[in-house]
Amino acid sequence: MIIKNNTTKLFVTLTFLLILPFVQKQWLNLYSLNINDISFYSILYYLSGAICPSLVFINSLKNYTYYDFTKNKIHSLKIIKGKRLLFLVAINLIFLSYLIADYIYINFDLIFNLFLEGNNVPKPDIPQLSFFIFLISILLIFKETRFLLKKMILVNFVLISLYLWHLQINNISVDYQFYLYRYFGLNDLNLINLFILVAIEISFYTWSFISYKTNLSDWIVPKPQKGDFIPFLNIFIFYFFIIIYYSIIT
């Protein structure tokens, strides 16, 4: 597999993420000295909430979206086909489609509850949810629409992160009215947002591997080699530091 990840840039990004929360706390302390007035530091503190989500968007779009795999000669003992492939395709496609549908619903629910009080988004029933899952599954099959969906997911992550930053700054509590409350067992909404995105990243990579080029049309997928698991490691390392960042600022 071709690894496009630039180690130096990643190291600089992760170092910056570890320093940023301490800088933000200094801006918060200066802002708290004159909390009733709009100041330079209050603006900095508010805007700083977009830095980490923006870095996640850029890094994910660059490194975890446009995957490229080397196609070696397919040996009969190193392939996935038939019923095993059908099961793998169905499970991954349905799971990824459900995650995307659920994630987009969380975004709309937050918008309505935060800015349009009294106009709650109705939860989709089973037929509606099935339709959305089917529609997203169709979009995931085609290369261009798959990339478009990934961009939408990342925009969704940025928006939800900004809403949560707004909740944190204004001390707005999340209760049963918010759909996100169903994940409240973690007691940290930023981590919930991250874990959903990480689950989508992993499932998206798996689907990219399965549907690469003519794999599905040939109905033969080569078994992953050791190098094919490197992106999983990169994803876990990057998001581990994002988790540390949100753990510090919470």
# chains A, B, ... in the order shown; residues from 1 in each chain; ligands from 1

call {"tool": "residues_around", "arguments": {"residues": "segment 15-17 of chain A", "least_positions_apart": "6", "cutoff": "10 Å", "atoms": "only C-alpha atoms", "output": "VMD selection string"}}
result
chain A and resid 9 51 to 52 55 241 to 242 244 to 246

call {"tool": "closest_residue", "arguments": {"among": "A:Leu162, A:Leu191, A:Val89, A:Leu149", "to": "Ser211 of chain A", "atoms": "only C-alpha atoms"}}
result
A:Val89

call {"tool": "closest_residue", "arguments": {"among": "A:Lys123, A:Lys223, A:Arg84, A:Lys213", "to": "Phe142 of chain A", "atoms": "only C-alpha atoms"}}
result
A:Lys213

call {"tool": "select_by_dssp", "arguments": {"residues": "segment 76-106 of chain A", "states": "alpha helix (DSSP H)", "output": "MDAnalysis selection string"}}
result
chainID A and resid 82:106

call {"tool": "write_last_selection", "arguments": {"atoms": "N, CA and C atoms", "output": "JSON list (two decimals), in the first residue's frame"}}
result
[["chain", "number", "residue", "atom", "x", "y", "z"],
["A", 82, "GLY", "N", -17.39, -15.49, -2.70],
["A", 82, "GLY", "CA", -18.60, -16.26, -2.41],
["A", 82, "GLY", "C", -19.39, -15.73, -1.23],
["A", 83, "LYS", "N", -19.89, -16.65, -0.41],
["A", 83, "LYS", "CA", -20.75, -16.28, 0.72],
["A", 83, "LYS", "C", -20.00, -15.47, 1.76],
["A", 84, "ARG", "N", -18.72, -15.77, 1.98],
["A", 84, "ARG", "CA", -17.93, -15.01, 2.95],
["A", 84, "ARG", "C", -17.82, -13.55, 2.53],
["A", 85, "LEU", "N", -17.61, -13.31, 1.25],
["A", 85, "LEU", "CA", -17.53, -11.94, 0.76],
["A", 85, "LEU", "C", -18.88, -11.25, 0.84],
["A", 86, "LEU", "N", -19.96, -11.97, 0.52],
["A", 86, "LEU", "CA", -21.30, -11.40, 0.62],
["A", 86, "LEU", "C", -21.60, -10.98, 2.05],
["A", 87, "PHE", "N", -21.26, -11.83, 3.01],
["A", 87, "PHE", "CA", -21.47, -11.50, 4.42],
["A", 87, "PHE", "C", -20.65, -10.27, 4.82],
["A", 88, "LEU", "N", -19.39, -10.23, 4.40],
["A", 88, "LEU", "CA", -18.50, -9.12, 4.73],
["A", 88, "LEU", "C", -19.01, -7.81, 4.13],
["A", 89, "VAL", "N", -19.43, -7.85, 2.88],
["A", 89, "VAL", "CA", -19.95, -6.67, 2.20],
["A", 89, "VAL", "C", -21.22, -6.17, 2.88],
["A", 90, "ALA", "N", -22.15, -7.07, 3.15],
["A", 90, "ALA", "CA", -23.44, -6.69, 3.75],
["A", 90, "ALA", "C", -23.25, -6.08, 5.14],
["A", 91, "ILE", "N", -22.44, -6.73, 5.98],
["A", 91, "ILE", "CA", -22.24, -6.25, 7.35],
["A", 91, "ILE", "C", -21.58, -4.89, 7.35],
["A", 92, "ASN", "N", -20.49, -4.75, 6.56],
["A", 92, "ASN", "CA", -19.77, -3.48, 6.55],
["A", 92, "ASN", "C", -20.59, -2.35, 5.95],
["A", 93, "LEU", "N", -21.31, -2.64, 4.87],
["A", 93, "LEU", "CA", -22.09, -1.61, 4.20],
["A", 93, "LEU", "C", -23.26, -1.15, 5.05],
["A", 94, "ILE", "N", -23.95, -2.08, 5.69],
["A", 94, "ILE", "CA", -25.10, -1.71, 6.54],
["A", 94, "ILE", "C", -24.62, -0.97, 7.78],
["A", 95, "PHE", "N", -23.55, -1.45, 8.40],
["A", 95, "PHE", "CA", -23.02, -0.81, 9.61],
["A", 95, "PHE", "C", -22.56, 0.62, 9.31],
["A", 96, "LEU", "N", -21.78, 0.80, 8.24],
["A", 96, "LEU", "CA", -21.29, 2.13, 7.88],
["A", 96, "LEU", "C", -22.44, 3.05, 7.52],
["A", 97, "SER", "N", -23.41, 2.56, 6.77],
["A", 97, "SER", "CA", -24.55, 3.38, 6.38],
["A", 97, "SER", "C", -25.37, 3.80, 7.60],
["A", 98, "TYR", "N", -25.54, 2.88, 8.54],
["A", 98, "TYR", "CA", -26.28, 3.21, 9.77],
["A", 98, "TYR", "C", -25.55, 4.29, 10.56],
["A", 99, "LEU", "N", -24.23, 4.15, 10.70],
["A", 99, "LEU", "CA", -23.44, 5.14, 11.44],
["A", 99, "LEU", "C", -23.57, 6.52, 10.81],
["A", 100, "ILE", "N", -23.49, 6.58, 9.49],
["A", 100, "ILE", "CA", -23.59, 7.86, 8.79],
["A", 100, "ILE", "C", -24.97, 8.48, 8.98],
["A", 101, "ALA", "N", -26.02, 7.68, 8.81],
["A", 101, "ALA", "CA", -27.39, 8.17, 8.99],
["A", 101, "ALA", "C", -27.60, 8.68, 10.41],
["A", 102, "ASP", "N", -27.14, 7.92, 11.39],
["A", 102, "ASP", "CA", -27.29, 8.29, 12.79],
["A", 102, "ASP", "C", -26.51, 9.56, 13.11],
["A", 103, "TYR", "N", -25.32, 9.68, 12.55],
["A", 103, "TYR", "CA", -24.45, 10.83, 12.80],
["A", 103, "TYR", "C", -25.05, 12.11, 12.23],
["A", 104, "ILE", "N", -25.61, 12.01, 11.03],
["A", 104, "ILE", "CA", -26.25, 13.17, 10.41],
["A", 104, "ILE", "C", -27.48, 13.59, 11.21],
["A", 105, "TYR", "N", -28.23, 12.59, 11.72],
["A", 105, "TYR", "CA", -29.41, 12.91, 12.53],
["A", 105, "TYR", "C", -29.01, 13.65, 13.81],
["A", 106, "ILE", "N", -27.90, 13.24, 14.43],
["A", 106, "ILE", "CA", -27.40, 13.91, 15.64],
["A", 106, "ILE", "C", -27.16, 15.39, 15.36]]

call {"tool": "closest_residue", "arguments": {"among": "A:Val56, A:Leu167, A:Val121, A:Tyr45", "to": "Gln24 of chain A", "atoms": "only C-alpha atoms"}}
result
A:Tyr45

call {"tool": "residues_around", "arguments": {"residues": "segment 214-221 of chain A", "least_positions_apart": "2", "cutoff": "7 Å", "atoms": "only C-alpha atoms", "output": "VMD selection string"}}
result
chain A and resid 79 to 81 210 to 212 223

call {"tool": "write_last_selection", "arguments": {"atoms": "C-alpha atoms", "output": "PDB file, in the first residue's frame"}}
result
ATOM      1  CA  ILE A  79      -8.811 -14.366  -1.559  1.00  0.00           C
ATOM      2  CA  ILE A  80     -12.241 -13.734  -0.100  1.00  0.00           C
ATOM      3  CA  LYS A  81     -15.162 -14.665  -2.328  1.00  0.00           C
ATOM      4  CA  ILE A 210     -13.359  -4.196  -0.153  1.00  0.00           C
ATOM      5  CA  SER A 211     -14.672  -2.026  -2.988  1.00  0.00           C
ATOM      6  CA  TYR A 212     -11.289  -1.037  -4.430  1.00  0.00           C
ATOM      7  CA  LYS A 223      -6.968 -11.002   1.865  1.00  0.00           C
TER       8      LYS A 223
END

call {"tool": "closest_residue", "arguments": {"among": "A:Pro124, A:Phe131, A:Ile153, A:His166", "to": "Ile111 of chain A", "atoms": "only C-alpha atoms"}}
result
A:His166

call {"tool": "atom_distance", "arguments": {"atom1": "atom CA of Leu194 of chain A", "atom2": "atom CA of Phe147 of chain A"}}
result
19.8 Å

call {"tool": "closest_residue", "arguments": {"among": "A:Thr145, A:Gln128, A:Ser247, A:Ser208", "to": "Thr65 of chain A", "atoms": "only C-alpha atoms"}}
result
A:Ser208

call {"tool": "closest_residue", "arguments": {"among": "A:Ser48, A:Trp207, A:Phe69, A:Asn193", "to": "Asp228 of chain A", "atoms": "only C-alpha atoms"}}
result
A:Phe69

call {"tool": "select_by_dssp", "arguments": {"residues": "segment 3-237 of chain A", "states": "strand (DSSP E)", "output": "ChimeraX atom specification"}}
result
/A:79-81,220-222

call {"tool": "atom_distance", "arguments": {"atom1": "atom CA of Leu44 of chain A", "atom2": "atom CA of Ile172 of chain A"}}
result
20.5 Å

call {"tool": "atom_distance", "arguments": {"atom1": "atom CA of Val155 of chain A", "atom2": "atom CA of Tyr66 of chain A"}}
result
16.6 Å
